[in-house]
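> So I've got this file, work00.csv, and it contains CSV, N, CA and C atoms:
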```csv
chain,number,residue,atom,x,y,z
D,374,MET,N,7.0,27.3,-17.8
D,374,MET,CA,5.8,27.5,-18.6
D,374,MET,C,5.8,26.6,-19.8
D,375,GLY,N,6.7,25.8,-20.0
D,375,GLY,CA,6.6,24.8,-21.0
D,375,GLY,C,7.2,25.1,-22.4
D,376,TYR,N,8.2,25.9,-22.4
D,376,TYR,CA,8.9,26.1,-23.7
D,376,TYR,C,8.0,26.6,-24.8
D,377,ASN,N,7.1,27.4,-24.5
D,377,ASN,CA,6.0,27.9,-25.4
D,377,ASN,C,5.0,26.9,-25.9
D,378,SER,N,5.4,25.6,-25.9
D,378,SER,CA,4.5,24.6,-26.3
D,378,SER,C,3.3,24.4,-25.4
D,379,TYR,N,3.5,24.6,-24.1
D,379,TYR,CA,2.4,24.4,-23.1
D,379,TYR,C,2.2,25.6,-22.3
D,380,THR,N,2.6,26.8,-22.8
D,380,THR,CA,2.4,28.0,-22.0
D,380,THR,C,1.0,28.3,-21.8
D,381,SER,N,0.2,28.2,-22.8
D,381,SER,CA,-1.3,28.5,-22.7
D,381,SER,C,-1.9,27.7,-21.6
D,382,GLU,N,-1.6,26.4,-21.6
D,382,GLU,CA,-2.1,25.5,-20.6
D,382,GLU,C,-1.6,25.8,-19.2
D,383,ALA,N,-0.3,26.1,-19.1
D,383,ALA,CA,0.2,26.5,-17.8
D,383,ALA,C,-0.4,27.7,-17.2
D,384,ILE,N,-0.7,28.7,-18.1
D,384,ILE,CA,-1.4,29.9,-17.6
D,384,ILE,C,-2.8,29.6,-17.2
D,385,ILE,N,-3.5,28.8,-17.9
D,385,ILE,CA,-4.9,28.4,-17.6
D,385,ILE,C,-4.9,27.6,-16.2
D,386,ALA,N,-3.9,26.7,-16.1
D,386,ALA,CA,-3.8,25.9,-14.8
D,386,ALA,C,-3.6,26.9,-13.6
D,387,ALA,N,-2.7,27.9,-13.8
D,387,ALA,CA,-2.4,28.8,-12.8
D,387,ALA,C,-3.6,29.7,-12.5
D,388,GLN,N,-4.4,30.0,-13.5
D,388,GLN,CA,-5.6,30.8,-13.3
D,388,GLN,C,-6.6,30.0,-12.4
D,389,LEU,N,-6.7,28.7,-12.6
D,389,LEU,CA,-7.6,27.9,-11.9
D,389,LEU,C,-7.1,27.5,-10.5
D,390,CYS,N,-5.8,27.4,-10.3
D,390,CYS,CA,-5.3,27.0,-9.1
D,390,CYS,C,-4.3,28.0,-8.5
D,391,GLU,N,-4.7,28.7,-7.5
D,391,GLU,CA,-3.9,29.8,-7.0
D,391,GLU,C,-2.5,29.4,-6.4
D,392,ASN,N,-2.3,28.1,-6.2
D,392,ASN,CA,-1.1,27.6,-5.7
D,392,ASN,C,-0.1,27.2,-6.8
D,393,ILE,N,-0.4,27.5,-8.0
D,393,ILE,CA,0.5,27.3,-9.1
D,393,ILE,C,1.3,28.6,-9.5
D,394,TYR,N,2.6,28.5,-9.5
D,394,TYR,CA,3.4,29.6,-9.9
D,394,TYR,C,4.2,29.2,-11.2
D,395,LEU,N,4.4,30.2,-12.0
D,395,LEU,CA,5.1,29.9,-13.3
D,395,LEU,C,6.5,30.5,-13.3
D,396,GLU,N,7.4,29.9,-14.0
D,396,GLU,CA,8.7,30.4,-14.2
D,396,GLU,C,9.1,30.5,-15.7
D,397,SER,N,10.0,31.4,-16.0
D,397,SER,CA,10.2,31.9,-17.4
D,397,SER,C,11.1,31.1,-18.3
D,398,SER,N,11.9,30.1,-17.8
D,398,SER,CA,12.9,29.5,-18.6
D,398,SER,C,12.3,28.9,-19.9
D,399,TRP,N,13.0,29.2,-21.0
D,399,TRP,CA,12.6,28.6,-22.3
D,399,TRP,C,11.3,29.1,-22.8
D,400,THR,N,10.8,30.2,-22.3
D,400,THR,CA,9.5,30.7,-22.7
D,400,THR,C,9.8,32.1,-23.4
D,401,GLY,N,9.2,32.4,-24.5
D,401,GLY,CA,9.4,33.6,-25.2
D,401,GLY,C,8.9,34.8,-24.4
D,402,PRO,N,9.6,36.0,-24.7
D,402,PRO,CA,9.3,37.2,-23.9
D,402,PRO,C,7.8,37.6,-23.9
D,403,GLY,N,7.1,37.5,-25.1
D,403,GLY,CA,5.7,37.8,-25.2
D,403,GLY,C,4.8,37.0,-24.3
D,404,ARG,N,5.2,35.7,-24.2
D,404,ARG,CA,4.4,34.8,-23.4
D,404,ARG,C,4.6,35.0,-21.9
D,405,VAL,N,5.8,35.4,-21.5
D,405,VAL,CA,6.1,35.8,-20.1
D,405,VAL,C,5.3,37.0,-19.8
D,406,LYS,N,5.3,38.0,-20.6
D,406,LYS,CA,4.5,39.2,-20.4
D,406,LYS,C,3.0,38.8,-20.3
D,407,GLU,N,2.5,38.0,-21.1
D,407,GLU,CA,1.1,37.5,-21.1
D,407,GLU,C,0.8,36.9,-19.7
D,408,ALA,N,1.7,36.0,-19.2
D,408,ALA,CA,1.5,35.4,-18.0
D,408,ALA,C,1.4,36.4,-16.8
D,409,ILE,N,2.3,37.4,-16.9
D,409,ILE,CA,2.3,38.4,-15.9
D,409,ILE,C,1.0,39.2,-15.9
D,410,LYS,N,0.5,39.5,-17.1
D,410,LYS,CA,-0.7,40.3,-17.3
D,410,LYS,C,-1.9,39.5,-16.8
D,411,LYS,N,-1.9,38.2,-17.0
D,411,LYS,CA,-3.1,37.4,-16.6
D,411,LYS,C,-3.1,37.0,-15.2
D,412,LEU,N,-1.9,36.8,-14.6
D,412,LEU,CA,-1.7,36.2,-13.3
D,412,LEU,C,-1.2,37.2,-12.2
D,413,GLY,N,-0.5,38.2,-12.7
D,413,GLY,CA,0.1,39.2,-11.8
D,413,GLY,C,1.6,38.7,-11.6
D,414,SER,N,2.4,39.7,-11.4
D,414,SER,CA,3.9,39.4,-11.3
D,414,SER,C,4.2,38.6,-10.0
D,415,GLU,N,3.3,38.6,-9.1
D,415,GLU,CA,3.6,37.8,-7.9
D,415,GLU,C,3.3,36.3,-8.0
D,416,ARG,N,3.0,35.9,-9.3
D,416,ARG,CA,2.8,34.5,-9.6
D,416,ARG,C,3.8,34.0,-10.6
D,417,VAL,N,4.7,34.9,-11.0
D,417,VAL,CA,5.7,34.5,-12.1
D,417,VAL,C,7.1,34.8,-11.5
D,418,MET,N,8.0,33.9,-11.8
D,418,MET,CA,9.4,34.1,-11.4
D,418,MET,C,10.4,33.8,-12.5
D,419,MET,N,11.5,34.5,-12.5
D,419,MET,CA,12.5,34.2,-13.5
D,419,MET,C,13.1,32.8,-13.2
D,420,GLY,N,13.4,32.1,-14.2
D,420,GLY,CA,14.1,30.8,-14.0
D,420,GLY,C,15.0,30.6,-15.2
D,421,ALA,N,16.0,29.8,-14.9
D,421,ALA,CA,17.0,29.4,-16.0
D,421,ALA,C,17.4,27.9,-15.7
D,422,ASP,N,17.4,27.1,-16.7
D,422,ASP,CA,17.7,25.7,-16.6
D,422,ASP,C,19.2,25.4,-16.4
D,423,GLN,N,20.0,26.4,-16.8
D,423,GLN,CA,21.4,26.2,-16.7
D,423,GLN,C,22.1,27.5,-16.6
D,424,LEU,N,23.3,27.6,-16.0
D,424,LEU,CA,24.0,28.8,-15.7
D,424,LEU,C,24.2,29.7,-17.0
D,425,ILE,N,24.5,29.0,-18.1
D,425,ILE,CA,24.8,29.7,-19.3
D,425,ILE,C,23.6,30.5,-19.9
D,426,ASN,N,22.4,30.1,-19.5
D,426,ASN,CA,21.2,30.8,-19.9
D,426,ASN,C,20.7,32.0,-19.0
D,427,VAL,N,21.4,32.2,-17.9
D,427,VAL,CA,21.0,33.2,-17.0
D,427,VAL,C,21.0,34.6,-17.7
D,428,PRO,N,22.1,35.0,-18.4
D,428,PRO,CA,22.1,36.3,-19.1
D,428,PRO,C,20.9,36.5,-20.0
D,429,TRP,N,20.5,35.5,-20.8
D,429,TRP,CA,19.4,35.6,-21.7
D,429,TRP,C,18.1,35.8,-20.9
D,430,GLU,N,17.9,35.0,-19.8
D,430,GLU,CA,16.7,35.1,-19.0
D,430,GLU,C,16.6,36.4,-18.4
D,431,LEU,N,17.7,36.9,-17.8
D,431,LEU,CA,17.7,38.3,-17.2
D,431,LEU,C,17.3,39.4,-18.3
D,432,THR,N,17.9,39.3,-19.4
D,432,THR,CA,17.7,40.2,-20.5
D,432,THR,C,16.2,40.2,-20.9
D,433,LYS,N,15.7,39.0,-21.0
D,433,LYS,CA,14.3,38.8,-21.4
D,433,LYS,C,13.4,39.5,-20.4
D,434,ILE,N,13.6,39.3,-19.1
D,434,ILE,CA,12.7,40.0,-18.1
D,434,ILE,C,12.9,41.5,-18.1
D,435,ARG,N,14.1,41.9,-18.3
D,435,ARG,CA,14.4,43.4,-18.2
D,435,ARG,C,13.9,44.1,-19.4
D,436,THR,N,13.6,43.5,-20.5
D,436,THR,CA,13.2,44.2,-21.7
D,436,THR,C,11.8,44.0,-22.1
D,437,ILE,N,10.9,43.4,-21.3
D,437,ILE,CA,9.5,43.2,-21.7
D,437,ILE,C,8.6,44.3,-21.2
D,438,GLY,N,9.1,45.4,-20.6
D,438,GLY,CA,8.3,46.5,-20.2
D,438,GLY,C,7.6,46.4,-18.9
D,439,LEU,N,8.2,45.8,-17.9
D,439,LEU,CA,7.6,45.7,-16.6
D,439,LEU,C,7.9,46.9,-15.8
D,440,THR,N,7.0,47.2,-14.8
D,440,THR,CA,7.2,48.2,-13.9
D,440,THR,C,8.3,47.8,-12.9
D,441,ASP,N,8.8,48.7,-12.1
D,441,ASP,CA,9.9,48.3,-11.2
D,441,ASP,C,9.3,47.3,-10.2
D,442,ALA,N,8.1,47.5,-9.7
D,442,ALA,CA,7.5,46.5,-8.8
D,442,ALA,C,7.3,45.1,-9.4
D,443,GLN,N,6.9,45.1,-10.6
D,443,GLN,CA,6.8,43.8,-11.3
D,443,GLN,C,8.1,43.1,-11.5
D,444,MET,N,9.1,43.9,-11.8
D,444,MET,CA,10.5,43.4,-12.0
D,444,MET,C,11.0,42.8,-10.7
D,445,GLU,N,10.7,43.5,-9.6
D,445,GLU,CA,11.2,43.1,-8.3
D,445,GLU,C,10.5,41.7,-8.0
D,446,ASP,N,9.3,41.6,-8.2
D,446,ASP,CA,8.6,40.3,-8.0
D,446,ASP,C,9.2,39.2,-8.8
D,447,VAL,N,9.3,39.4,-10.1
D,447,VAL,CA,9.8,38.3,-11.1
D,447,VAL,C,11.2,38.0,-10.8
D,448,LEU,N,12.1,39.0,-10.5
D,448,LEU,CA,13.5,38.7,-10.3
D,448,LEU,C,13.9,38.2,-8.9
D,449,GLY,N,12.9,38.0,-8.0
D,449,GLY,CA,13.3,37.5,-6.7
D,449,GLY,C,12.1,37.5,-5.7
D,450,GLY,N,11.3,38.5,-5.8
D,450,GLY,CA,10.2,38.5,-4.8
D,450,GLY,C,9.3,37.3,-4.7
D,451,THR,N,8.9,36.9,-5.9
D,451,THR,CA,8.0,35.7,-6.0
D,451,THR,C,8.7,34.5,-5.4
D,452,ALA,N,9.9,34.3,-5.8
D,452,ALA,CA,10.6,33.1,-5.3
D,452,ALA,C,10.8,33.2,-3.8
D,453,ALA,N,11.2,34.4,-3.3
D,453,ALA,CA,11.3,34.5,-1.9
D,453,ALA,C,10.1,34.2,-1.1
D,454,LYS,N,8.9,34.6,-1.7
D,454,LYS,CA,7.6,34.2,-1.0
D,454,LYS,C,7.3,32.7,-1.1
D,455,VAL,N,7.5,32.2,-2.3
D,455,VAL,CA,7.2,30.8,-2.5
D,455,VAL,C,8.0,29.9,-1.7
D,456,PHE,N,9.3,30.2,-1.6
D,456,PHE,CA,10.3,29.3,-0.9
D,456,PHE,C,10.5,29.8,0.5
D,457,ARG,N,9.8,30.8,0.9
D,457,ARG,CA,9.9,31.3,2.3
D,457,ARG,C,11.3,31.7,2.7
D,458,LEU,N,11.9,32.4,1.8
D,458,LEU,CA,13.3,32.8,2.1
D,458,LEU,C,13.3,34.0,3.0
D,459,PRO,N,14.3,34.1,3.9
D,459,PRO,CA,14.4,35.3,4.8
D,459,PRO,C,14.7,36.6,4.0
D,460,ASP,N,14.2,37.7,4.6
D,460,ASP,CA,14.5,39.0,3.9
D,460,ASP,C,15.9,39.3,3.8
```
Represent the structure contained in this file as structure tokens.


Amino acid sequence: MGYNSYTSEAIIAAQLCENIYLESSWTGPGRVKEAIKKLGSERVMMGADQLINVPWELTKIRTIGLTDAQMEDVLGGTAAKVFRLPD
């Protein structure tokens, strides 16, 4: 989503193009929640640019007030769909 600098543009692009999915790395919690509200959790996935950031990224997703279904999408369901991973 662009490290908050380009998050608004990324959300707009995803609203205009249904084949754009967003990921959460280096994006503030409020902006991730905004993307989920505007696009749906099935268009947003958790991401981390390096292993050391995974705990922060997981904490961010787990504390922004998502439903269980939204959390399931963001923490793996969206990626499984996009990358056509087996169940």

> Can you pull out every residue within 9 Å of D:Leu448, counting only C-alpha atoms, but drop anything in the same chain fewer than 6 positions away, and send it as a ChimeraX atom specification?

/D:418-420,431,434

> Mind giving me the straight-line distance from atom C of D:Thr432 to atom C of D:Glu391 in Å, one decimal?

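Straight-line distance from atom C of D:Thr432 to atom C of D:Glu391 works out to 26.0 Å.
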
> Interatomic distance between atom CA of D:Ala387 and atom C of D:Leu458?

22.9 Å

> Please return, as an MDAnalysis selection string, all residues of chain D that DSSP assigns to helix (DSSP H, G or I) on the basis of the backbone.

chainID D and resid 380:389 402:412 414:416 424:435 441:455

> Hey, what's within 10 Å of D:Lys411 if we count only C-alpha atoms and toss same-chain stuff fewer than 6 positions away? As a list of chain:residue names, please?

D:Ile384, D:Ile385, D:Ala387, D:Gln388, D:Val405

> With distances taken over all atoms listed in the file, which of D:Cys390, D:Asn377, D:Ser398, D:Asp460 is nearest to D:Glu430?

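The answer is D:Ser398, which sits nearest to D:Glu430.
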
> Run DSSP on the backbone and grab whatever in chain D lands in strand (DSSP E); send it over as a PyMOL selection string.

chain D and resi 395-396+417-418
